[in-house]
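One structure is given here, and the rest of the page talks about it.
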Amino acid sequence: MAKFQWRYVRGFMVPQKIPTGYVLCHNHIMHTNDMHCDVNGFRAWFSLGKPPAGYVKCPCGWSGLPHYRSVCYPYASGPYPLAIGPINRWIKEELRVRVFVRDKRRRSQSRHS
């Protein structure tokens with residue numbers, strides 16, 4: 001059976017292991033350590049063999065597995081390592097506020113119906 005050059009990680013999950021012969025990569029979207037794929041445009045995929053050209057080892061801690069990111073990824077480039085803690089807190093607070101606003105709108109719409 002032929003192997004695919006790359007394949008996306010299934011939506012709404014975080015990979016638990018990397019298939020033999022593949023490396024794990026993700027895109028540039030800001031994310032938390034446990035963020036699922038397909039949330040806010042965050043995508044990850046398994047690439048056959050070596051990581052794609054222009055990808056480097058990523059220090060962000062997502063999924064707990066070794067993985068790669070684009071060199072152009074702005075949140076982890078430069079001389080200092082990524083301060084993922086504050087970013088995680090900001091994203092989680094942003095998601096909490098969005099859910100609160102959405103639920104508040106639903107409650108007000110149901111009262112007026």
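In the structure tokens, chains take letters A, B, ... by order of appearance, with residues numbered from 1 within each chain and ligands from 1 in the order shown.
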Hey, what's within 6 Å of region 53-61 of chain A if we count only C-alpha atoms and toss same-chain stuff fewer than 5 positions away? As a list in words, please?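 Counting only the stated atoms, we get Asn33, His67, Tyr68, Arg69, Ser70 and Val71 of chain A.
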DSSP on the backbone, strand (DSSP E) only: what residues of region 30-73 of chain A does that give? Format it as a count of residues only. 12
Provide the CA of His31 (chain A) to CA of Val14 (chain A) distance in Å, to one decimal place.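 Interatomic distance here is 11.9 Å.
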For CA of Lys17 (chain A) and CA of Leu65 (chain A), the interatomic separation in Å (one decimal):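 Atom-to-atom, CA of Lys17 (chain A) and CA of Leu65 (chain A) are spaced 7.3 Å apart.
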Non-local contacts of region 5-9 of chain A (9 Å; only C-alpha atoms; under 2 positions in same chain excluded) as a compact mmCIF listing (two decimals) with N, CA, C and O atoms, in the first residue's frame:
# COMPACT_ATOMS: atom_id res chain seq x y z
N LYS A 3 2.11 5.03 0.66
CA LYS A 3 1.89 6.01 1.73
C LYS A 3 1.61 7.37 1.12
O LYS A 3 2.17 7.73 0.08
N GLY A 11 -10.24 16.31 12.42
CA GLY A 11 -10.78 17.49 13.08
C GLY A 11 -11.24 17.23 14.51
O GLY A 11 -11.66 16.13 14.84
N PHE A 12 -11.13 18.26 15.31
CA PHE A 12 -11.58 18.27 16.70
C PHE A 12 -10.91 17.20 17.55
O PHE A 12 -11.54 16.58 18.40
N MET A 13 -9.62 16.99 17.30
CA MET A 13 -8.85 16.09 18.15
C MET A 13 -7.40 16.55 18.19
O MET A 13 -6.95 17.32 17.35
N VAL A 14 -6.70 16.08 19.20
CA VAL A 14 -5.26 16.32 19.35
C VAL A 14 -4.60 14.95 19.17
O VAL A 14 -5.00 14.00 19.83
N PRO A 15 -3.61 14.83 18.30
CA PRO A 15 -3.00 13.52 18.08
C PRO A 15 -2.32 12.98 19.33
O PRO A 15 -1.73 13.74 20.10
N TYR A 22 6.31 9.23 9.61
CA TYR A 22 5.77 10.58 9.42
C TYR A 22 6.31 11.53 10.48
O TYR A 22 6.80 11.10 11.53
N LEU A 24 5.02 15.29 12.51
CA LEU A 24 3.84 16.11 12.78
C LEU A 24 4.18 17.58 12.56
O LEU A 24 5.23 18.05 13.02
N CYS A 37 -7.64 20.39 16.48
CA CYS A 37 -7.54 20.81 15.08
C CYS A 37 -8.91 21.28 14.59
O CYS A 37 -9.94 20.84 15.09
N ARG A 43 -4.67 24.04 12.06
CA ARG A 43 -4.58 22.78 11.34
C ARG A 43 -3.25 22.11 11.65
O ARG A 43 -2.23 22.77 11.84
N ALA A 44 -3.25 20.80 11.64
CA ALA A 44 -2.03 20.01 11.80
C ALA A 44 -2.09 18.85 10.82
O ALA A 44 -3.17 18.43 10.42
N TRP A 45 -0.92 18.35 10.45
CA TRP A 45 -0.88 17.25 9.50
C TRP A 45 0.38 16.43 9.74
O TRP A 45 1.33 16.87 10.37
N PHE A 46 0.35 15.23 9.22
CA PHE A 46 1.49 14.34 9.25
C PHE A 46 2.14 14.40 7.88
O PHE A 46 1.47 14.24 6.86
N SER A 47 3.43 14.66 7.84
CA SER A 47 4.18 14.74 6.59
C SER A 47 5.11 13.53 6.51
O SER A 47 5.79 13.20 7.48
N LEU A 48 5.14 12.89 5.36
CA LEU A 48 5.94 11.68 5.18
C LEU A 48 7.43 12.01 5.19
O LEU A 48 7.88 12.93 4.52
N GLY A 49 8.20 11.25 5.98
CA GLY A 49 9.65 11.42 6.02
C GLY A 49 10.10 12.63 6.82
O GLY A 49 9.82 12.74 7.99
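Using only C-alpha atoms for every distance, the candidate list A:Met30, A:Ile18, A:Cys72, A:Cys25 yields A:Cys25 as the residue closest to Pro51 (chain A).
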